file model.cif (mmCIF, C-alpha atoms)
data_work
loop_
_atom_site.group_PDB
_atom_site.id
_atom_site.type_symbol
_atom_site.label_atom_id
_atom_site.label_comp_id
_atom_site.auth_asym_id
_atom_site.auth_seq_id
_atom_site.Cartn_x
_atom_site.Cartn_y
_atom_site.Cartn_z
ATOM 1 C CA MET A 6 -6.160 52.048 -52.308
ATOM 2 C CA CYS A 7 -9.938 51.854 -52.020
ATOM 3 C CA GLN A 8 -11.582 52.716 -48.757
ATOM 4 C CA GLY A 9 -13.708 49.921 -47.305
ATOM 5 C CA SER A 10 -12.000 47.101 -49.192
ATOM 6 C CA GLU A 11 -10.963 45.381 -45.952
ATOM 7 C CA PRO A 12 -13.500 43.357 -43.968
ATOM 8 C CA THR A 13 -14.873 44.985 -40.846
ATOM 9 C CA SER A 14 -13.077 43.800 -37.727
ATOM 10 C CA GLY A 15 -14.713 40.752 -36.165
ATOM 11 C CA VAL A 16 -16.604 39.700 -39.309
ATOM 12 C CA PRO A 17 -15.578 36.185 -40.380
ATOM 13 C CA GLY A 18 -14.287 35.746 -43.923
ATOM 14 C CA TYR A 19 -16.366 32.595 -44.535
ATOM 15 C CA GLN A 20 -19.996 31.525 -44.748
ATOM 16 C CA GLN A 21 -21.213 30.633 -41.283
ATOM 17 C CA ARG A 22 -24.843 29.545 -41.767
ATOM 18 C CA TYR A 23 -25.943 26.652 -43.980
ATOM 19 C CA GLU A 24 -29.663 26.083 -44.462
ATOM 20 C CA ALA A 25 -30.853 22.459 -44.166
ATOM 21 C CA GLU A 26 -33.163 22.799 -47.175
ATOM 22 C CA ASN A 27 -30.117 23.627 -49.352
ATOM 23 C CA ALA A 28 -28.136 20.593 -48.146
ATOM 24 C CA ALA A 29 -28.078 17.168 -49.809
ATOM 25 C CA VAL A 30 -31.154 15.443 -48.365
ATOM 26 C CA PHE A 31 -31.422 11.640 -48.527
ATOM 27 C CA ARG A 32 -34.840 10.038 -47.820
ATOM 28 C CA ALA A 33 -36.168 13.041 -45.903
ATOM 29 C CA ASN A 34 -38.312 15.959 -47.065
ATOM 30 C CA ARG A 35 -38.113 19.722 -47.424
ATOM 31 C CA PHE A 36 -40.979 21.840 -46.086
ATOM 32 C CA GLY A 37 -41.816 25.544 -46.126
ATOM 33 C CA ASN A 38 -42.540 27.382 -42.885
ATOM 34 C CA SER A 39 -42.253 31.048 -41.967
ATOM 35 C CA SER A 40 -40.817 30.113 -38.548
ATOM 36 C CA ALA A 41 -37.707 28.595 -40.200
ATOM 37 C CA SER A 42 -34.708 30.886 -40.671
ATOM 38 C CA ALA A 43 -34.979 31.068 -44.486
ATOM 39 C CA GLY A 44 -38.602 29.975 -44.729
ATOM 40 C CA ALA A 45 -37.872 26.237 -45.114
ATOM 41 C CA TYR A 46 -36.528 23.228 -43.194
ATOM 42 C CA VAL A 47 -35.955 19.462 -43.473
ATOM 43 C CA GLY A 48 -38.215 16.984 -41.691
ATOM 44 C CA GLN A 49 -39.268 13.336 -41.777
ATOM 45 C CA ILE A 50 -35.693 12.232 -41.056
ATOM 46 C CA ASP A 51 -36.491 8.602 -40.225
ATOM 47 C CA ASP A 52 -34.805 5.293 -39.438
ATOM 48 C CA THR A 53 -36.662 2.100 -40.191
ATOM 49 C CA GLY A 54 -33.794 -0.142 -39.069
ATOM 50 C CA ASP A 55 -33.098 -1.026 -42.710
ATOM 51 C CA PRO A 56 -29.970 0.709 -44.088
ATOM 52 C CA ARG A 57 -31.702 0.971 -47.474
ATOM 53 C CA THR A 58 -34.404 3.259 -46.065
ATOM 54 C CA THR A 59 -32.651 5.416 -43.470
ATOM 55 C CA SER A 60 -32.319 9.206 -43.726
ATOM 56 C CA TRP A 61 -29.578 11.799 -43.542
ATOM 57 C CA VAL A 62 -28.710 15.380 -44.417
ATOM 58 C CA ASP A 63 -25.238 16.255 -45.770
ATOM 59 C CA PHE A 64 -23.991 19.823 -45.433
ATOM 60 C CA VAL A 65 -21.017 20.777 -47.623
ATOM 61 C CA VAL A 66 -19.199 23.566 -45.784
ATOM 62 C CA ASN A 67 -16.121 25.585 -46.704
ATOM 63 C CA VAL A 68 -13.891 26.973 -43.938
ATOM 64 C CA PRO A 69 -10.645 28.949 -44.235
ATOM 65 C CA THR A 70 -8.542 27.159 -41.606
ATOM 66 C CA ALA A 71 -8.224 23.723 -40.049
ATOM 67 C CA ARG A 72 -9.443 23.956 -36.457
ATOM 68 C CA ALA A 73 -12.234 23.075 -34.052
ATOM 69 C CA TYR A 74 -15.466 24.926 -34.877
ATOM 70 C CA THR A 75 -18.571 25.245 -32.760
ATOM 71 C CA MET A 76 -21.524 24.012 -34.817
ATOM 72 C CA ARG A 77 -24.905 25.320 -33.717
ATOM 73 C CA ILE A 78 -27.933 23.411 -35.036
ATOM 74 C CA GLY A 79 -31.374 25.039 -35.315
ATOM 75 C CA TYR A 80 -34.106 22.442 -34.815
ATOM 76 C CA ALA A 81 -37.633 21.554 -33.675
ATOM 77 C CA ASN A 82 -38.636 18.426 -31.714
ATOM 78 C CA ALA A 83 -42.242 18.084 -30.558
ATOM 79 C CA THR A 84 -42.012 14.443 -29.452
ATOM 80 C CA GLY A 85 -42.012 15.381 -25.757
ATOM 81 C CA ALA A 86 -38.697 13.537 -25.265
ATOM 82 C CA THR A 87 -35.087 14.077 -26.284
ATOM 83 C CA ALA A 88 -34.392 12.986 -29.877
ATOM 84 C CA THR A 89 -30.969 12.081 -31.290
ATOM 85 C CA HIS A 90 -29.128 12.097 -34.613
ATOM 86 C CA GLY A 91 -25.748 10.744 -35.525
ATOM 87 C CA LEU A 92 -23.099 13.323 -36.430
ATOM 88 C CA ALA A 93 -20.083 12.539 -38.607
ATOM 89 C CA TYR A 94 -17.869 14.717 -40.759
ATOM 90 C CA ASN A 95 -15.493 13.868 -43.587
ATOM 91 C CA GLY A 96 -16.242 10.157 -43.198
ATOM 92 C CA GLY A 97 -14.982 10.085 -39.594
ATOM 93 C CA ALA A 98 -16.363 8.435 -36.479
ATOM 94 C CA TRP A 99 -19.943 8.946 -35.343
ATOM 95 C CA SER A 100 -20.993 10.945 -32.314
ATOM 96 C CA THR A 101 -24.509 11.693 -31.094
ATOM 97 C CA VAL A 102 -26.367 15.013 -31.135
ATOM 98 C CA SER A 103 -29.257 15.323 -28.658
ATOM 99 C CA TYR A 104 -32.264 17.563 -29.295
ATOM 100 C CA PRO A 105 -34.318 18.389 -26.167
ATOM 101 C CA PRO A 106 -38.079 18.742 -26.729
ATOM 102 C CA THR A 107 -39.471 22.001 -28.114
ATOM 103 C CA GLY A 108 -42.999 23.393 -28.176
ATOM 104 C CA ALA A 109 -44.241 22.300 -31.601
ATOM 105 C CA TRP A 110 -43.274 20.891 -34.977
ATOM 106 C CA GLY A 111 -42.257 23.532 -37.480
ATOM 107 C CA GLN A 112 -41.656 26.103 -34.729
ATOM 108 C CA PHE A 113 -37.963 26.984 -34.751
ATOM 109 C CA GLY A 114 -35.732 28.945 -32.406
ATOM 110 C CA ALA A 115 -34.180 26.176 -30.314
ATOM 111 C CA THR A 116 -30.516 25.325 -30.875
ATOM 112 C CA VAL A 117 -27.952 22.777 -29.693
ATOM 113 C CA SER A 118 -24.187 22.970 -30.159
ATOM 114 C CA SER A 119 -21.434 20.499 -30.912
ATOM 115 C CA THR A 120 -17.734 20.812 -31.716
ATOM 116 C CA VAL A 121 -16.501 19.685 -35.146
ATOM 117 C CA ASN A 122 -12.827 19.492 -36.126
ATOM 118 C CA LEU A 123 -12.740 20.575 -39.756
ATOM 119 C CA ARG A 124 -9.929 20.776 -42.288
ATOM 120 C CA ALA A 125 -9.280 23.907 -44.336
ATOM 121 C CA GLY A 126 -11.464 23.984 -47.446
ATOM 122 C CA TYR A 127 -14.492 21.822 -48.140
ATOM 123 C CA ASN A 128 -15.914 19.417 -45.548
ATOM 124 C CA VAL A 129 -19.014 17.214 -45.443
ATOM 125 C CA ILE A 130 -21.022 17.240 -42.217
ATOM 126 C CA ARG A 131 -23.699 14.519 -41.964
ATOM 127 C CA LEU A 132 -26.627 14.469 -39.549
ATOM 128 C CA ALA A 133 -28.333 11.091 -39.739
ATOM 129 C CA LYS A 134 -31.164 9.038 -38.333
ATOM 130 C CA GLY A 135 -29.625 5.718 -39.145
ATOM 131 C CA ALA A 136 -27.189 5.613 -42.056
ATOM 132 C CA PRO A 137 -24.525 3.314 -43.394
ATOM 133 C CA SER A 138 -22.324 2.525 -40.378
ATOM 134 C CA PHE A 139 -24.672 4.343 -37.959
ATOM 135 C CA GLY A 140 -27.627 2.326 -36.744
ATOM 136 C CA CYS A 141 -28.905 4.623 -34.011
ATOM 137 C CA GLY A 142 -31.019 7.701 -33.572
ATOM 138 C CA THR A 143 -34.076 8.113 -31.405
ATOM 139 C CA GLY A 144 -37.225 10.173 -31.675
ATOM 140 C CA TYR A 145 -37.589 12.819 -34.372
ATOM 141 C CA ALA A 146 -36.105 16.253 -34.999
ATOM 142 C CA GLU A 147 -36.611 18.730 -37.829
ATOM 143 C CA LEU A 148 -33.534 20.637 -39.039
ATOM 144 C CA ASP A 149 -33.527 24.355 -39.853
ATOM 145 C CA TYR A 150 -29.789 25.147 -40.280
ATOM 146 C CA ILE A 151 -26.254 24.651 -39.010
ATOM 147 C CA GLU A 152 -23.987 27.554 -38.123
ATOM 148 C CA LEU A 153 -20.199 27.422 -37.703
ATOM 149 C CA THR A 154 -18.174 29.771 -35.482
#
call {"tool": "encode", "arguments": {"input": "model.cif", "output": "C-alpha coordinates"}}
result
Amino acid sequence: MCQGSEPTSGVPGYQQRYEAENAAVFRANRFGNSSASAGAYVGQIDDTGDPRTTSWVDFVVNVPTARAYTMRIGYANATGATATHGLAYNGGAWSTVSYPPTGAWGQFGATVSSTVNLRAGYNVIRLAKGAPSFGCGTGYAELDYIELT
(Lines of atoms letter the chains of each structure in order from A and count residues from 1; the text may use other names and numbers.)
(Lines give C-alpha, C1' and ligand atoms only; values in the text may rest on other atoms or scores of the structure.)
Protein backbone atom coordinates (compact mmCIF):
# COMPACT_ATOMS: atom_id res chain seq x y z
CA MET A 1 0.00 0.00 0.00
CA CYS A 2 1.32 3.44 -0.91
CA GLN A 3 2.04 5.92 1.82
CA GLY A 4 0.12 9.18 1.49
CA SER A 5 -2.66 7.80 -0.69
CA GLU A 6 -5.32 8.73 1.87
CA PRO A 7 -6.50 12.33 2.17
CA THR A 8 -5.19 14.28 5.13
CA SER A 9 -7.66 14.35 8.00
CA GLY A 10 -10.03 17.31 7.82
CA VAL A 11 -9.48 17.99 4.10
CA PRO A 12 -12.78 17.74 2.20
CA GLY A 13 -12.91 15.32 -0.73
CA TYR A 14 -14.71 17.82 -3.00
CA GLN A 15 -14.11 21.20 -4.63
CA GLN A 16 -15.16 23.91 -2.22
CA ARG A 17 -14.52 27.18 -4.09
CA TYR A 18 -16.14 28.11 -7.41
CA GLU A 19 -15.00 31.30 -9.12
CA ALA A 20 -17.78 33.55 -10.50
CA GLU A 21 -15.86 34.22 -13.72
CA ASN A 22 -15.91 30.46 -14.47
CA ALA A 23 -19.67 30.16 -13.91
CA ALA A 24 -22.35 30.47 -16.59
CA VAL A 25 -22.93 34.23 -16.82
CA PHE A 26 -26.15 35.54 -18.40
CA ARG A 27 -26.31 39.26 -19.33
CA ALA A 28 -23.53 40.28 -16.94
CA ASN A 29 -19.81 40.78 -17.55
CA ARG A 30 -16.49 39.33 -16.47
CA PHE A 31 -13.73 41.70 -15.36
CA GLY A 32 -10.10 41.29 -14.31
CA ASN A 33 -8.90 42.67 -10.99
CA SER A 34 -5.98 41.69 -8.78
CA SER A 35 -8.15 42.11 -5.66
CA ALA A 36 -10.41 39.21 -6.77
CA SER A 37 -9.52 35.74 -5.50
CA ALA A 38 -8.40 34.38 -8.90
CA GLY A 39 -7.82 37.74 -10.56
CA ALA A 40 -11.34 38.09 -12.02
CA TYR A 41 -14.98 38.61 -11.00
CA VAL A 42 -18.48 39.14 -12.43
CA GLY A 43 -20.13 42.56 -12.39
CA GLN A 44 -22.91 44.53 -14.07
CA ILE A 45 -25.51 42.07 -12.79
CA ASP A 46 -28.58 44.19 -13.58
CA ASP A 47 -32.37 44.05 -13.57
CA THR A 48 -34.26 46.31 -15.92
CA GLY A 49 -37.67 44.96 -14.89
CA ASP A 50 -37.94 43.16 -18.24
CA PRO A 51 -37.39 39.38 -17.94
CA ARG A 52 -35.69 39.43 -21.35
CA THR A 53 -32.87 41.64 -20.07
CA THR A 54 -32.26 40.52 -16.48
CA SER A 55 -28.99 38.99 -15.26
CA TRP A 56 -27.87 35.91 -13.38
CA VAL A 57 -24.87 33.73 -12.62
CA ASP A 58 -25.22 29.92 -12.51
CA PHE A 59 -22.66 27.90 -10.57
CA VAL A 60 -22.56 24.16 -11.31
CA VAL A 61 -21.25 22.49 -8.16
CA ASN A 62 -20.53 18.85 -7.36
CA VAL A 63 -20.83 17.62 -3.76
CA PRO A 64 -20.35 14.10 -2.38
CA THR A 65 -23.38 13.89 -0.07
CA ALA A 66 -26.90 15.28 0.17
CA ARG A 67 -26.98 17.71 3.09
CA ALA A 68 -27.14 21.36 4.10
CA TYR A 69 -23.99 23.26 3.10
CA THR A 70 -22.90 26.70 4.19
CA MET A 71 -22.32 28.79 1.07
CA ARG A 72 -20.01 31.76 1.53
CA ILE A 73 -20.16 34.42 -1.20
CA GLY A 74 -17.24 36.79 -1.87
CA TYR A 75 -18.52 40.13 -3.14
CA ALA A 76 -18.10 43.91 -3.47
CA ASN A 77 -20.89 46.51 -3.14
CA ALA A 78 -19.96 50.19 -3.28
CA THR A 79 -23.52 51.54 -3.53
CA GLY A 80 -23.51 52.75 0.09
CA ALA A 81 -26.61 50.64 0.83
CA THR A 82 -27.40 46.95 1.16
CA ALA A 83 -27.85 45.23 -2.22
CA THR A 84 -29.75 41.97 -2.80
CA HIS A 85 -29.76 39.04 -5.21
CA GLY A 86 -32.15 36.16 -5.53
CA LEU A 87 -30.76 32.73 -4.64
CA ALA A 88 -32.22 29.48 -5.98
CA TYR A 89 -30.73 26.04 -6.47
CA ASN A 90 -31.83 23.10 -8.59
CA GLY A 91 -34.89 25.03 -9.79
CA GLY A 92 -36.27 25.42 -6.25
CA ALA A 93 -37.85 28.36 -4.48
CA TRP A 94 -36.17 31.76 -4.32
CA SER A 95 -34.64 33.29 -1.22
CA THR A 96 -32.80 36.59 -0.89
CA VAL A 97 -29.09 37.17 -0.28
CA SER A 98 -28.17 40.58 1.19
CA TYR A 99 -24.81 42.24 0.55
CA PRO A 100 -23.93 45.03 3.03
CA PRO A 101 -21.94 47.94 1.56
CA THR A 102 -18.18 47.60 1.10
CA GLY A 103 -15.48 50.21 0.51
CA ALA A 104 -15.18 50.23 -3.28
CA TRP A 105 -16.08 48.45 -6.50
CA GLY A 106 -13.61 45.77 -7.48
CA GLN A 107 -12.19 45.58 -3.95
CA PHE A 108 -12.93 42.12 -2.58
CA GLY A 109 -12.63 40.55 0.85
CA ALA A 110 -16.18 40.89 2.17
CA THR A 111 -18.32 37.75 2.43
CA VAL A 112 -21.89 36.78 3.31
CA SER A 113 -23.17 33.28 4.06
CA SER A 114 -26.32 31.35 3.30
CA THR A 115 -27.39 27.73 3.78
CA VAL A 116 -28.14 25.62 0.68
CA ASN A 117 -29.61 22.11 0.81
CA LEU A 118 -27.88 20.25 -2.00
CA ARG A 119 -28.30 16.74 -3.36
CA ALA A 120 -25.35 14.41 -3.87
CA GLY A 121 -23.70 15.01 -7.24
CA TYR A 122 -24.21 18.00 -9.51
CA ASN A 123 -26.32 21.00 -8.48
CA VAL A 124 -27.01 24.39 -10.07
CA ILE A 125 -26.88 27.41 -7.78
CA ARG A 126 -28.23 30.65 -9.30
CA LEU A 127 -27.60 34.17 -8.02
CA ALA A 128 -29.85 36.59 -9.89
CA LYS A 129 -30.81 40.22 -10.20
CA GLY A 130 -34.19 39.56 -11.66
CA ALA A 131 -34.65 36.32 -13.57
CA PRO A 132 -37.48 34.17 -14.81
CA SER A 133 -39.75 33.72 -11.78
CA PHE A 134 -37.71 36.18 -9.66
CA GLY A 135 -38.55 39.83 -10.16
CA CYS A 136 -36.59 41.34 -7.28
CA GLY A 137 -33.10 42.42 -6.41
CA THR A 138 -31.95 45.81 -5.22
CA GLY A 139 -28.77 47.80 -5.64
CA TYR A 140 -25.69 46.22 -7.19
CA ALA A 141 -23.13 43.65 -6.09
CA GLU A 142 -20.10 42.20 -7.87
CA LEU A 143 -19.42 38.48 -7.37
CA ASP A 144 -15.96 37.02 -6.76
CA TYR A 145 -16.70 33.38 -5.78
CA ILE A 146 -18.88 30.99 -3.80
CA GLU A 147 -17.44 28.52 -1.32
CA LEU A 148 -19.21 25.45 0.10
CA THR A 149 -18.46 23.89 3.50
call {"tool": "closest_residue", "arguments": {"input": "model.cif", "among": "A:Ala133, A:Ala86, A:Ala71, A:Ile78", "to": "Asp51 in chain A", "atoms": "all atoms listed in the file"}}
result
A:Ala133
call {"tool": "closest_residue", "arguments": {"input": "model.cif", "among": "A:Leu92, A:Ile50, A:Ala29, A:Ile151", "to": "Lys134 in chain A", "atoms": "all atoms listed in the file"}}
result
A:Ile50
call {"tool": "residues_near_point", "arguments": {"input": "model.cif", "point": "(-38.2, 8.5, -32.9)", "cutoff": "8 Å", "atoms": "only C-alpha atoms", "output": "list in words"}}
result
Asp51, Thr84, Ala88, Gly142, Thr143, Gly144 and Tyr145 of chain A
call {"tool": "atom_distance", "arguments": {"input": "model.cif", "atom1": "CA of Gln49 in chain A", "atom2": "CA of Thr87 in chain A"}}
result
16.1 Å
call {"tool": "residues_around", "arguments": {"input": "model.cif", "residues": "Ala73 in chain A", "least_positions_apart": "6", "cutoff": "9 Å", "atoms": "all atoms listed in the file", "output": "list in words"}}
result
Thr120, Val121, Asn122, Leu123 and Arg124 of chain A
call {"tool": "write_last_selection", "arguments": {"input": "model.cif", "atoms": "C-alpha atoms", "output": "CSV table (one decimal), in the frame of the given file"}}
result
chain,number,residue,atom,x,y,z
A,120,THR,CA,-17.7,20.8,-31.7
A,121,VAL,CA,-16.5,19.7,-35.1
A,122,ASN,CA,-12.8,19.5,-36.1
A,123,LEU,CA,-12.7,20.6,-39.8
A,124,ARG,CA,-9.9,20.8,-42.3
call {"tool": "resolve_selection", "arguments": {"input": "model.cif", "expression": "the PyMOL selection byres ((chain A and resi 33) around 10)", "output": "MDAnalysis selection string"}}
result
chainID A and resid 29:32 34:35 47:51 58:62 134 147
call {"tool": "closest_residue", "arguments": {"input": "model.cif", "among": "A:Gly111, A:Arg77, A:Thr70, A:Val129", "to": "Tyr94 in chain A", "atoms": "only C-alpha atoms"}}
result
A:Val129
call {"tool": "closest_residue", "arguments": {"input": "model.cif", "among": "A:Ile130, A:Ala125, A:Ala98, A:Ala81", "to": "Asn38 in chain A", "atoms": "all atoms listed in the file"}}
result
A:Ala81
call {"tool": "closest_residue", "arguments": {"input": "model.cif", "among": "A:Leu153, A:Met76, A:Val68, A:Ala83", "to": "Gly126 in chain A", "atoms": "all atoms listed in the file"}}
result
A:Val68
call {"tool": "closest_residue", "arguments": {"input": "model.cif", "among": "A:Ala146, A:Asp63, A:Gly18, A:Arg131", "to": "Ser100 in chain A", "atoms": "all atoms listed in the file"}}
result
A:Arg131
call {"tool": "residues_around", "arguments": {"input": "model.cif", "residues": "Ala25 in chain A", "least_positions_apart": "2", "cutoff": "7 Å", "atoms": "all atoms listed in the file", "output": "MDAnalysis selection string"}}
result
chainID A and resid 23 27:28 46:47 148:150
call {"tool": "atom_distance", "arguments": {"input": "model.cif", "atom1": "CA of Gly114 in chain A", "atom2": "CA of Phe64 in chain A"}}
result
19.8 Å
call {"tool": "atom_distance", "arguments": {"input": "model.cif", "atom1": "CA of Pro106 in chain A", "atom2": "CA of Asn82 in chain A"}}
result
5.0 Å
call {"tool": "resolve_selection", "arguments": {"input": "model.cif", "expression": "the PyMOL selection byres ((chain A and resi 113) around 6)", "output": "list of chain:residue names"}}
result
A:Ser40, A:Ala41, A:Tyr80, A:Ala81, A:Gln112, A:Gly114, A:Ala115
call {"tool": "resolve_selection", "arguments": {"input": "model.cif", "expression": "the PyMOL selection byres ((chain A and resi 67) around 8)", "output": "PyMOL selection string"}}
result
chain A and resi 19-20+65-66+68-69+125-128
